[in-house]
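Asker: Can you keep this structure in mind? I'll have questions shortly.
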Amino acid sequence: MLINSDSGIMVEYNGKRIALDPKNATDADLVFVSHAHTDHMHRSSDIGKVLASKETLRIAEARGFKYHNASHEPHPMFEMIDSGHVLGSKALLIDDRILYTGDICTRDRAFLKGARLPRCDILIIESTYGRKHFRFPRIDDVIHRANMLIAEMYSKGLPVILMGYPLGKAQIITSLFRHWKPLYIHESVARMNSIYRELGIDLGDDDARVYSIKDSDSLKHGPWLMIAPKQGNNSTFVKAMKKHHNAITIAFTGWALTHWHSRFHDYTLPLSDHCDFYELVQVVNACKPNKIYTFHGFAEEFASHLREMGYDAEALGSKCSILDYV
């Protein structure tokens, strides 16, 4: 049974209450944390038993979330499956029947492999990009476009700032564009990159210089590349980079396919850590569920499309929605 909860999604199965990425303290036998983006965790000291990957638990600790009653060990009733979203992100299969995707991406990106999910009876699937408008280009095409832009700016003597969310996207673009020199890593990204290295992921940024606002004068004149957290051209940081260095910003996000998002950066390229609409449909077809619940983003639209395909699908109510970074 699926229960609407102010905290998020709650599944009641075989007498156990299982909270899926709850936002607040909740009365559950088990709390599943799919990954370490802050909107999928909470700091309650009285949280119950937590199940998460060892990578998620380590990254969560680095971000100030310490779970005292946590485990990443296998369990007969619960199987964690790579969801391809960020390092350590997992989907949860309950008793080989109920599958919660968490945030999911089926495309391979740099060092990260896309998700391959099993069949299930009940599928609880995110629908961040659950509208037909969202069809992402091939990863190689996005990489090529970015390299062409960087080369063009370098030929003009202009530095370039590549932007993505500090956990997940920033590590992907660090790995993909580490060949450009000199390379700077914004301090907020560098902290997360160091955790990735600790967890065995080589991003190839060993010779990169860490950029801190306190020593902004250390930036060289002429072209350079920086990996930084995503923020608009009106932010204090970007304004300073443009004023003193004429820097060009390139942001990576699935929302690049919308018109409204492009005005915040010089360039936006559609690289996402989520499935696009058509990949979501492929996931559903691969899982072959008897019942589907959609959540987050375009949940109503995606559920409606699945019903047109012949599936028994419905969108979860607002109390089950989970906010997300993309």
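Here, A, B, ... name the chains of the structure tokens in the order displayed, residue numbers run from 1 inside each chain, and ligands are numbered from 1 in the same displayed order.
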Can you tell me, as a ChimeraX atom specification, what residues are no more than 7 Å from range 184-193 of chain A when counting only C-alpha atoms, ignoring any on the same chain fewer than 2 positions away?
Answerer: /A:166-167,170-171,182,195-197,208-212,225-229
Asker: What gap, in Å, lies between CA of Gly297 in chain A and CA of Ala146 in chain A?
Answerer: 27.0 Å
Asker: From the set A:Phe277, A:Tyr165, A:Phe264, A:Phe65, which residue has the shortest atom-to-atom contact distance to Asn233 in chain A, counting only C-alpha atoms?
Answerer: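 With only C-alpha atoms as the atom set, the closest residue is A:Phe264.
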Asker: Give me, as a PyMOL selection string, all polymer residues having an atom no more than 8 Å from Leu269 in chain A, counting only C-alpha atoms and skipping those fewer than 6 positions away in the same chain.
Answerer: chain A and resi 142+146+250-254+256
Asker: Please, could you write that set of residues out with C-alpha atoms as a compact mmCIF listing (two decimals), in the first residue's frame?
Answerer:
```
# COMPACT_ATOMS: atom_id res chain seq x y z
CA VAL A 142 26.87 17.77 -26.34
CA ALA A 146 31.04 22.31 -25.65
CA ILE A 250 28.34 27.55 -20.15
CA ALA A 251 25.76 25.78 -18.00
CA PHE A 252 24.87 22.09 -18.32
CA THR A 253 21.28 21.15 -17.52
CA GLY A 254 18.34 19.33 -18.99
CA ALA A 256 18.53 23.92 -21.58
```
Asker: If you run DSSP on this backbone, which residues of range 246-281 of chain A come out as helix (DSSP H, G or I), and could you give them as a ChimeraX atom specification?
Answerer: /A:254-257,260-264,277-281
Asker: Any chance you could tabulate, as a tab-separated table, the residues of range 225-322 of chain A at most 10 Å from range 97-114 of chain A with each one's nearest atom pair and distance in Å to one decimal, using only C-alpha atoms, in chain and rising number order?
Answerer:
```
residue	atom	partner	partner_atom	distance
A:Leu271	CA	A:Arg109	CA	9.4
A:Ser272	CA	A:Cys105	CA	8.2
A:Asp273	CA	A:Cys105	CA	5.7
A:His274	CA	A:Cys105	CA	4.4
A:Cys275	CA	A:Cys105	CA	4.6
A:Asp276	CA	A:Cys105	CA	8.3
A:Glu279	CA	A:Thr106	CA	7.1
A:Leu280	CA	A:Thr106	CA	8.7
A:Gln282	CA	A:Thr106	CA	9.3
A:Val283	CA	A:Thr106	CA	8.3
A:Cys287	CA	A:Leu99	CA	8.9
A:Pro289	CA	A:Ile98	CA	9.0
A:Lys291	CA	A:Ile98	CA	9.6
A:Ile292	CA	A:Leu99	CA	9.7
A:Tyr293	CA	A:Tyr100	CA	9.4
A:Phe295	CA	A:Gly102	CA	9.5
A:His296	CA	A:Asp103	CA	9.7
A:Ile322	CA	A:Gly102	CA	9.6
```
